[in-house]
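So this block is input.txt, compact mmCIF, N, CA and C atoms:
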# COMPACT_ATOMS: atom_id res chain seq x y z
N GLN A 1 84.43 80.26 90.24
CA GLN A 1 83.87 81.26 91.12
C GLN A 1 84.85 81.59 92.23
N VAL A 2 84.93 82.87 92.56
CA VAL A 2 85.77 83.34 93.65
C VAL A 2 84.90 84.17 94.57
N GLN A 3 84.94 83.85 95.82
CA GLN A 3 84.26 84.69 96.81
C GLN A 3 85.29 85.55 97.52
N LEU A 4 84.97 86.83 97.63
CA LEU A 4 85.86 87.78 98.28
C LEU A 4 85.15 88.34 99.51
N VAL A 5 85.85 88.36 100.63
CA VAL A 5 85.26 88.84 101.87
C VAL A 5 86.15 89.94 102.44
N GLU A 6 85.59 91.14 102.53
CA GLU A 6 86.33 92.27 103.08
C GLU A 6 86.12 92.36 104.59
N SER A 7 87.09 92.95 105.25
CA SER A 7 86.99 93.24 106.67
C SER A 7 87.93 94.39 106.99
N GLY A 8 87.81 94.90 108.20
CA GLY A 8 88.73 95.92 108.65
C GLY A 8 88.20 97.33 108.64
N GLY A 9 86.99 97.51 108.11
CA GLY A 9 86.41 98.84 108.14
C GLY A 9 86.01 99.24 109.54
N GLY A 10 85.62 100.49 109.68
CA GLY A 10 85.20 100.96 110.99
C GLY A 10 85.10 102.46 111.01
N SER A 11 84.95 103.00 112.21
CA SER A 11 84.84 104.44 112.41
C SER A 11 86.10 104.95 113.07
N VAL A 12 86.70 105.95 112.46
CA VAL A 12 87.92 106.53 113.01
C VAL A 12 87.84 108.04 112.91
N GLN A 13 88.69 108.70 113.66
CA GLN A 13 88.78 110.14 113.56
C GLN A 13 89.77 110.52 112.46
N ALA A 14 89.59 111.70 111.94
CA ALA A 14 90.51 112.19 110.92
C ALA A 14 91.94 112.12 111.43
N GLY A 15 92.82 111.69 110.53
CA GLY A 15 94.22 111.51 110.90
C GLY A 15 94.54 110.09 111.31
N GLY A 16 93.53 109.30 111.54
CA GLY A 16 93.73 107.91 111.95
C GLY A 16 94.06 107.00 110.78
N SER A 17 94.19 105.71 111.10
CA SER A 17 94.56 104.71 110.10
C SER A 17 93.65 103.50 110.19
N LEU A 18 93.53 102.82 109.09
CA LEU A 18 92.81 101.55 109.03
C LEU A 18 93.53 100.65 108.05
N ARG A 19 93.43 99.35 108.27
CA ARG A 19 93.92 98.39 107.30
C ARG A 19 92.75 97.50 106.90
N LEU A 20 92.39 97.60 105.65
CA LEU A 20 91.32 96.77 105.10
C LEU A 20 91.91 95.48 104.56
N SER A 21 91.15 94.41 104.72
CA SER A 21 91.57 93.10 104.22
C SER A 21 90.51 92.55 103.29
N CYS A 22 90.95 91.76 102.35
CA CYS A 22 90.03 91.09 101.42
C CYS A 22 90.57 89.69 101.19
N ALA A 23 89.82 88.71 101.67
CA ALA A 23 90.26 87.32 101.58
C ALA A 23 89.51 86.60 100.46
N ALA A 24 90.27 85.95 99.60
CA ALA A 24 89.68 85.10 98.57
C ALA A 24 89.53 83.69 99.12
N ASP A 25 88.46 83.03 98.74
CA ASP A 25 88.18 81.71 99.33
C ASP A 25 88.83 80.57 98.57
N THR A 26 89.61 80.89 97.54
CA THR A 26 90.23 79.84 96.75
C THR A 26 91.51 80.37 96.13
N TYR A 27 92.30 79.47 95.58
CA TYR A 27 93.51 79.87 94.87
C TYR A 27 93.12 80.70 93.66
N ILE A 28 93.80 81.82 93.47
CA ILE A 28 93.39 82.74 92.41
C ILE A 28 94.41 82.85 91.29
N GLY A 29 95.46 82.05 91.34
CA GLY A 29 96.43 82.13 90.27
C GLY A 29 97.42 83.26 90.48
N ARG A 30 98.33 83.42 89.52
CA ARG A 30 99.43 84.35 89.71
C ARG A 30 99.26 85.67 88.99
N ASN A 31 98.51 85.75 87.99
CA ASN A 31 98.46 86.94 87.14
C ASN A 31 97.05 87.50 87.06
N ASN A 32 96.79 88.40 87.98
CA ASN A 32 95.47 89.03 88.05
C ASN A 32 95.64 90.50 88.36
N CYS A 33 94.56 91.23 88.18
CA CYS A 33 94.49 92.59 88.71
C CYS A 33 93.52 92.56 89.89
N TRP A 34 93.98 93.00 91.02
CA TRP A 34 93.20 92.97 92.25
C TRP A 34 93.10 94.41 92.73
N GLY A 35 91.90 94.83 93.07
CA GLY A 35 91.77 96.24 93.38
C GLY A 35 90.81 96.56 94.50
N TRP A 36 90.94 97.77 94.99
CA TRP A 36 90.02 98.36 95.98
C TRP A 36 89.26 99.49 95.31
N PHE A 37 87.97 99.54 95.58
CA PHE A 37 87.10 100.57 95.06
C PHE A 37 86.28 101.11 96.23
N ARG A 38 85.69 102.27 96.04
CA ARG A 38 84.83 102.80 97.10
C ARG A 38 83.66 103.53 96.48
N GLN A 39 82.60 103.60 97.27
CA GLN A 39 81.39 104.25 96.77
C GLN A 39 80.65 104.92 97.92
N VAL A 40 80.24 106.14 97.65
CA VAL A 40 79.40 106.91 98.56
C VAL A 40 77.99 106.88 97.98
N PRO A 41 76.96 106.74 98.81
CA PRO A 41 75.59 106.71 98.28
C PRO A 41 75.31 107.90 97.37
N GLY A 42 74.75 107.61 96.20
CA GLY A 42 74.43 108.66 95.26
C GLY A 42 75.57 109.06 94.35
N MET A 43 76.74 108.47 94.57
CA MET A 43 77.91 108.80 93.76
C MET A 43 78.36 107.55 93.01
N GLN A 44 79.14 107.78 91.94
CA GLN A 44 79.69 106.64 91.22
C GLN A 44 80.80 105.96 92.01
N ARG A 45 80.89 104.67 91.83
CA ARG A 45 81.98 103.92 92.45
C ARG A 45 83.30 104.33 91.79
N GLU A 46 84.34 104.47 92.60
CA GLU A 46 85.63 104.91 92.06
C GLU A 46 86.73 103.95 92.47
N GLY A 47 87.71 103.83 91.60
CA GLY A 47 88.88 103.03 91.91
C GLY A 47 89.77 103.74 92.91
N VAL A 48 90.28 103.00 93.87
CA VAL A 48 91.14 103.56 94.91
C VAL A 48 92.59 103.11 94.70
N ALA A 49 92.76 101.81 94.54
CA ALA A 49 94.10 101.25 94.37
C ALA A 49 93.99 99.91 93.68
N LYS A 50 95.00 99.58 92.90
CA LYS A 50 95.05 98.30 92.21
C LYS A 50 96.46 97.74 92.30
N ILE A 51 96.54 96.41 92.24
CA ILE A 51 97.84 95.76 92.18
C ILE A 51 97.80 94.68 91.11
N ASP A 52 98.81 94.68 90.27
CA ASP A 52 98.97 93.63 89.28
C ASP A 52 99.75 92.51 89.98
N THR A 53 99.10 91.39 90.23
CA THR A 53 99.72 90.35 91.05
C THR A 53 100.83 89.61 90.32
N GLY A 54 100.92 89.77 89.03
CA GLY A 54 102.02 89.15 88.30
C GLY A 54 103.31 89.94 88.38
N THR A 55 103.19 91.26 88.32
CA THR A 55 104.36 92.13 88.30
C THR A 55 104.59 92.87 89.61
N GLY A 56 103.53 93.00 90.42
CA GLY A 56 103.62 93.80 91.63
C GLY A 56 103.38 95.28 91.40
N HIS A 57 103.14 95.65 90.15
CA HIS A 57 102.91 97.06 89.85
C HIS A 57 101.61 97.54 90.51
N THR A 58 101.65 98.75 91.07
CA THR A 58 100.50 99.29 91.77
C THR A 58 100.03 100.60 91.13
N LEU A 59 98.76 100.86 91.29
CA LEU A 59 98.13 102.09 90.81
C LEU A 59 97.32 102.68 91.96
N TYR A 60 97.30 104.00 92.04
CA TYR A 60 96.54 104.67 93.09
C TYR A 60 95.76 105.84 92.50
N ALA A 61 94.59 106.06 93.06
CA ALA A 61 93.87 107.28 92.75
C ALA A 61 94.62 108.46 93.34
N ASP A 62 94.52 109.61 92.68
CA ASP A 62 95.21 110.80 93.19
C ASP A 62 94.77 111.13 94.61
N SER A 63 93.52 110.83 94.92
CA SER A 63 92.96 111.19 96.23
C SER A 63 93.59 110.42 97.38
N VAL A 64 94.21 109.29 97.10
CA VAL A 64 94.80 108.48 98.18
C VAL A 64 96.31 108.30 98.03
N ALA A 65 96.87 108.80 96.94
CA ALA A 65 98.31 108.63 96.71
C ALA A 65 99.08 109.24 97.88
N GLY A 66 100.04 108.47 98.37
CA GLY A 66 100.83 108.91 99.50
C GLY A 66 100.23 108.56 100.85
N ARG A 67 98.96 108.18 100.85
CA ARG A 67 98.29 107.81 102.11
C ARG A 67 97.86 106.35 102.14
N GLY A 68 97.75 105.76 100.98
CA GLY A 68 97.30 104.38 100.89
C GLY A 68 98.38 103.46 100.33
N THR A 69 98.38 102.23 100.81
CA THR A 69 99.31 101.22 100.30
C THR A 69 98.55 99.93 100.08
N ILE A 70 98.56 99.45 98.85
CA ILE A 70 97.91 98.18 98.53
C ILE A 70 98.98 97.09 98.51
N SER A 71 98.62 95.93 99.03
CA SER A 71 99.57 94.83 99.05
C SER A 71 98.80 93.52 99.01
N GLU A 72 99.54 92.46 98.74
CA GLU A 72 98.93 91.15 98.61
C GLU A 72 99.76 90.12 99.36
N ASP A 73 99.09 89.22 100.04
CA ASP A 73 99.75 88.06 100.63
C ASP A 73 99.38 86.86 99.77
N LYS A 74 100.34 86.39 98.98
CA LYS A 74 100.03 85.32 98.04
C LYS A 74 99.77 84.00 98.76
N THR A 75 100.34 83.84 99.93
CA THR A 75 100.18 82.54 100.61
C THR A 75 98.78 82.37 101.18
N THR A 76 98.14 83.48 101.54
CA THR A 76 96.81 83.40 102.13
C THR A 76 95.73 83.95 101.19
N HIS A 77 96.11 84.32 99.98
CA HIS A 77 95.16 84.88 98.99
C HIS A 77 94.41 86.05 99.60
N THR A 78 95.14 86.97 100.20
CA THR A 78 94.53 88.10 100.88
C THR A 78 95.10 89.40 100.33
N LEU A 79 94.22 90.34 100.08
CA LEU A 79 94.57 91.67 99.63
C LEU A 79 94.40 92.64 100.78
N TYR A 80 95.29 93.61 100.86
CA TYR A 80 95.22 94.60 101.93
C TYR A 80 95.22 96.01 101.35
N LEU A 81 94.65 96.92 102.10
CA LEU A 81 94.76 98.34 101.82
C LEU A 81 95.02 99.04 103.14
N GLN A 82 96.21 99.53 103.30
CA GLN A 82 96.57 100.33 104.47
C GLN A 82 96.29 101.78 104.14
N MET A 83 95.44 102.40 104.93
CA MET A 83 95.09 103.80 104.73
C MET A 83 95.52 104.60 105.95
N ASN A 84 96.36 105.59 105.72
CA ASN A 84 96.84 106.45 106.79
C ASN A 84 96.33 107.87 106.60
N ASN A 85 96.43 108.66 107.65
CA ASN A 85 96.00 110.06 107.59
C ASN A 85 94.61 110.17 106.95
N LEU A 86 93.69 109.38 107.46
CA LEU A 86 92.35 109.35 106.88
C LEU A 86 91.66 110.70 107.01
N LYS A 87 90.86 111.00 106.00
CA LYS A 87 90.13 112.26 105.94
C LYS A 87 88.63 111.97 105.88
N PRO A 88 87.81 112.93 106.28
CA PRO A 88 86.35 112.70 106.20
C PRO A 88 85.89 112.32 104.79
N GLU A 89 86.57 112.84 103.77
CA GLU A 89 86.17 112.50 102.40
C GLU A 89 86.53 111.07 102.01
N ASP A 90 87.23 110.36 102.87
CA ASP A 90 87.48 108.94 102.63
C ASP A 90 86.30 108.07 103.07
N THR A 91 85.32 108.68 103.72
CA THR A 91 84.14 107.94 104.17
C THR A 91 83.41 107.35 102.97
N ALA A 92 83.23 106.03 102.99
CA ALA A 92 82.60 105.32 101.88
C ALA A 92 82.50 103.84 102.22
N MET A 93 81.78 103.12 101.39
CA MET A 93 81.82 101.67 101.42
C MET A 93 82.97 101.25 100.52
N TYR A 94 83.85 100.42 101.05
CA TYR A 94 85.01 99.97 100.30
C TYR A 94 84.81 98.53 99.85
N TYR A 95 85.07 98.30 98.57
CA TYR A 95 84.91 96.99 97.97
C TYR A 95 86.24 96.52 97.39
N CYS A 96 86.49 95.23 97.49
CA CYS A 96 87.58 94.68 96.72
C CYS A 96 87.00 93.89 95.55
N ALA A 97 87.79 93.79 94.51
CA ALA A 97 87.36 93.08 93.31
C ALA A 97 88.59 92.52 92.61
N ILE A 98 88.37 91.48 91.82
CA ILE A 98 89.48 90.86 91.14
C ILE A 98 89.13 90.60 89.68
N ALA A 99 90.09 90.89 88.81
CA ALA A 99 89.99 90.58 87.39
C ALA A 99 90.95 89.43 87.12
N LEU A 100 90.41 88.22 87.07
CA LEU A 100 91.26 87.04 86.94
C LEU A 100 91.94 87.00 85.56
N GLY A 101 93.22 86.73 85.59
CA GLY A 101 93.96 86.59 84.35
C GLY A 101 94.17 87.88 83.58
N ARG A 102 93.93 89.00 84.21
CA ARG A 102 94.03 90.31 83.53
C ARG A 102 95.14 91.15 84.13
N GLU A 103 95.74 91.97 83.29
CA GLU A 103 96.65 92.99 83.79
C GLU A 103 95.83 94.20 84.20
N CYS A 104 96.39 94.98 85.11
CA CYS A 104 95.70 96.20 85.51
C CYS A 104 95.86 97.26 84.42
N ASP A 105 94.79 98.01 84.19
CA ASP A 105 94.94 99.17 83.33
C ASP A 105 94.65 100.40 84.17
N HIS A 106 93.98 101.36 83.62
CA HIS A 106 93.80 102.63 84.33
C HIS A 106 93.08 102.46 85.66
N ILE A 107 93.40 103.29 86.62
CA ILE A 107 92.80 103.19 87.96
C ILE A 107 91.29 103.31 87.90
N ARG A 108 90.76 104.03 86.90
CA ARG A 108 89.32 104.23 86.83
C ARG A 108 88.60 103.05 86.19
N SER A 109 89.31 102.16 85.53
CA SER A 109 88.68 101.06 84.81
C SER A 109 88.11 100.04 85.77
N GLN A 110 86.84 99.64 85.49
CA GLN A 110 86.19 98.65 86.35
C GLN A 110 85.57 97.52 85.54
N TRP A 111 85.65 97.59 84.21
CA TRP A 111 84.84 96.72 83.38
C TRP A 111 85.23 95.25 83.47
N ASN A 112 86.51 94.97 83.76
CA ASN A 112 86.96 93.58 83.70
C ASN A 112 87.05 92.91 85.05
N PHE A 113 86.47 93.53 86.06
CA PHE A 113 86.47 92.92 87.40
C PHE A 113 85.23 92.07 87.55
N GLY A 114 85.42 90.75 87.51
CA GLY A 114 84.28 89.85 87.49
C GLY A 114 83.78 89.41 88.85
N PHE A 115 84.60 89.58 89.87
CA PHE A 115 84.22 89.13 91.21
C PHE A 115 84.41 90.27 92.20
N TRP A 116 83.38 90.48 93.01
CA TRP A 116 83.36 91.58 93.97
C TRP A 116 83.01 91.07 95.36
N GLY A 117 83.55 91.73 96.37
CA GLY A 117 83.15 91.44 97.73
C GLY A 117 81.90 92.22 98.10
N GLN A 118 81.47 92.02 99.34
CA GLN A 118 80.23 92.65 99.80
C GLN A 118 80.45 94.04 100.35
N GLY A 119 81.68 94.40 100.59
CA GLY A 119 82.00 95.74 101.04
C GLY A 119 82.22 95.83 102.54
N THR A 120 83.01 96.82 102.93
CA THR A 120 83.22 97.13 104.34
C THR A 120 83.18 98.65 104.48
N GLN A 121 82.44 99.12 105.48
CA GLN A 121 82.21 100.56 105.63
C GLN A 121 83.36 101.23 106.37
N VAL A 122 83.80 102.34 105.82
CA VAL A 122 84.79 103.19 106.49
C VAL A 122 84.14 104.55 106.73
N THR A 123 84.16 104.98 107.98
CA THR A 123 83.60 106.28 108.34
C THR A 123 84.66 107.08 109.08
N VAL A 124 84.96 108.25 108.57
CA VAL A 124 85.98 109.11 109.15
C VAL A 124 85.32 110.39 109.64
N SER A 125 85.46 110.66 110.91
CA SER A 125 84.85 111.86 111.49
C SER A 125 85.90 112.95 111.67
N SER A 126 85.44 114.18 111.56
CA SER A 126 86.38 115.31 111.68
C SER A 126 86.54 115.76 113.12

What is this structure when it is put down as structure tokens?
Amino acid sequence: QVQLVESGGGSVQAGGSLRLSCAADTYIGRNNCWGWFRQVPGMQREGVAKIDTGTGHTLYADSVAGRGTISEDKTTHTLYLQMNNLKPEDTAMYYCAIALGRECDHIRSQWNFGFWGQGTQVTVSS
């Protein structure tokens, strides 16, 4: 079992930045797919960014490409998402999730993520 705890959400004005964090409570190994997802009430959850922790390869949704950076601190088992130039359409609950022992595939794929955090709210005002 892996528990993931997100933090770093909040309310910002458009154009602002936030850094989301996701801490795992245990050693997670070297080869996983770790990702950020977001969901607006009434809408489907969507993939935002993923990182393959074995290769360092990253994937981004078109909506955040160029504005978001996903990274991992292997020593503290923490995942980050730096979001810059935030837009009102970025408003959502953001979740991190991990697919242990899996490579990342398409940004939209969610089926193999077995562990999820509780989410952190991001609200961007215009």

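Near (89.3, 110.6, 99.3), the residues inside the 6 Å limit, counting only N, CA and C atoms, come to Ser63, Val64, Glu89 and Asp90 of chain A.
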
Selected residues, N, CA and C atoms, written as a PDB file, keeping the file's coordinate frame, please.
ATOM      1  N   SER A  63      93.520 110.830  94.920  1.00  0.00           N
ATOM      2  CA  SER A  63      92.960 111.190  96.230  1.00  0.00           C
ATOM      3  C   SER A  63      93.590 110.420  97.380  1.00  0.00           C
ATOM      4  N   VAL A  64      94.210 109.290  97.100  1.00  0.00           N
ATOM      5  CA  VAL A  64      94.800 108.480  98.180  1.00  0.00           C
ATOM      6  C   VAL A  64      96.310 108.300  98.030  1.00  0.00           C
ATOM      7  N   GLU A  89      86.570 112.840 103.770  1.00  0.00           N
ATOM      8  CA  GLU A  89      86.170 112.500 102.400  1.00  0.00           C
ATOM      9  C   GLU A  89      86.530 111.070 102.010  1.00  0.00           C
ATOM     10  N   ASP A  90      87.230 110.360 102.870  1.00  0.00           N
ATOM     11  CA  ASP A  90      87.480 108.940 102.630  1.00  0.00           C
ATOM     12  C   ASP A  90      86.300 108.070 103.070  1.00  0.00           C
TER      13      ASP A  90
END

Pick out the residues sitting within 9 Å of range 37-48 of chain A, and hand them over as a VMD selection string; count only C-alpha atoms, and ignore anything fewer than 3 positions along from it in its own chain. chain A and resid 59 to 65 68 90 to 97 107 to 110 119

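Across the model, the gap from atom N of Thr120 in chain A to atom N of Val5 in chain A is 9.2 Å.
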
Using DSSP secondary structure from the backbone, list all strand (DSSP E or B) positions within chain A, as number ranges by chain. A: 4-7, 10-13, 18-24, 32-39, 46-52, 58-60, 68-73, 78-83, 92-100, 115-116, 120-125

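Shortest separation to Asn85 in chain A among A:Thr55, A:Ser7, A:Gln13, A:Gln1 occurs at residue A:Gln13, atoms counted being only C-alpha atoms.
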
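Of the listed residues (A:Val122, A:Ala14, A:Ile51, A:Met83), A:Ile51 comes nearest to Trp34 in chain A; the distances count only N, CA and C atoms.
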
Quick one: residues within 6.5 Å of Asn32 in chain A, all atoms listed in the file, excluding same-chain residues fewer than 5 positions away - as a count of residues only? 10

Give me the residues near Ile98 in chain A as JSON, numbers by chain, where near means some atom within 7 Å (using only N, CA and C atoms) and where sequence neighbours in that chain fewer than 4 positions away do not count. {"A": [32, 33, 34, 35, 112, 113, 114, 115, 116, 117]}

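Distances from A:Ala49, A:Gln121, A:His77, A:Val12 to Ile28 in chain A were compared using only N, CA and C atoms, and the smallest one belongs to A:His77.
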
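Taking only C-alpha atoms into account, Ser21 in chain A lies nearest to A:Gln82 out of the set A:Thr75, A:Gln82, A:Thr123, A:Gln3.
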
Near-Leu4 in chain A list (6.5 Å; all atoms listed in the file; drop same-chain fewer than 2 positions) as a PyMOL selection string: chain A and resi 2+6+22-25+115-118

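With CA of Thr26 in chain A on one side and CA of Glu72 in chain A on the other, the separation reads 14.4 Å.
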
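Going from atom C of Trp36 in chain A over to atom N of Gly16 in chain A, you cover 19.4 Å.
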
Give the answer as one residue: which of A:Val124, A:Tyr27, A:Pro88, A:Trp111 has the shortest atom-to-atom distance to Asp73 in chain A, using only C-alpha atoms? A:Tyr27

Output as a compact mmCIF listing (two decimals), in the coordinates of the input: range 96-107 of chain A, completed with N, CA, C and O atoms.
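To be explicit, this is the file written out as out_13.txt:
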# COMPACT_ATOMS: atom_id res chain seq x y z
N CYS A 96 86.49 95.23 97.49
CA CYS A 96 87.58 94.68 96.72
C CYS A 96 87.00 93.89 95.55
O CYS A 96 85.86 93.42 95.61
N ALA A 97 87.79 93.79 94.51
CA ALA A 97 87.36 93.08 93.31
C ALA A 97 88.59 92.52 92.61
O ALA A 97 89.70 93.03 92.78
N ILE A 98 88.37 91.48 91.82
CA ILE A 98 89.48 90.86 91.14
C ILE A 98 89.13 90.60 89.68
O ILE A 98 88.00 90.22 89.36
N ALA A 99 90.09 90.89 88.81
CA ALA A 99 89.99 90.58 87.39
C ALA A 99 90.95 89.43 87.12
O ALA A 99 92.17 89.64 87.01
N LEU A 100 90.41 88.22 87.07
CA LEU A 100 91.26 87.04 86.94
C LEU A 100 91.94 87.00 85.56
O LEU A 100 91.30 87.20 84.54
N GLY A 101 93.22 86.73 85.59
CA GLY A 101 93.96 86.59 84.35
C GLY A 101 94.17 87.88 83.58
O GLY A 101 94.55 87.85 82.41
N ARG A 102 93.93 89.00 84.21
CA ARG A 102 94.03 90.31 83.53
C ARG A 102 95.14 91.15 84.13
O ARG A 102 95.40 91.10 85.33
N GLU A 103 95.74 91.97 83.29
CA GLU A 103 96.65 92.99 83.79
C GLU A 103 95.83 94.20 84.20
O GLU A 103 94.75 94.44 83.68
N CYS A 104 96.39 94.98 85.11
CA CYS A 104 95.70 96.20 85.51
C CYS A 104 95.86 97.26 84.42
O CYS A 104 96.94 97.39 83.84
N ASP A 105 94.79 98.01 84.19
CA ASP A 105 94.94 99.17 83.33
C ASP A 105 94.65 100.40 84.17
O ASP A 105 95.04 100.48 85.32
N HIS A 106 93.98 101.36 83.62
CA HIS A 106 93.80 102.63 84.33
C HIS A 106 93.08 102.46 85.66
O HIS A 106 92.23 101.58 85.80
N ILE A 107 93.40 103.29 86.62
CA ILE A 107 92.80 103.19 87.96
C ILE A 107 91.29 103.31 87.90
O ILE A 107 90.57 102.73 88.72
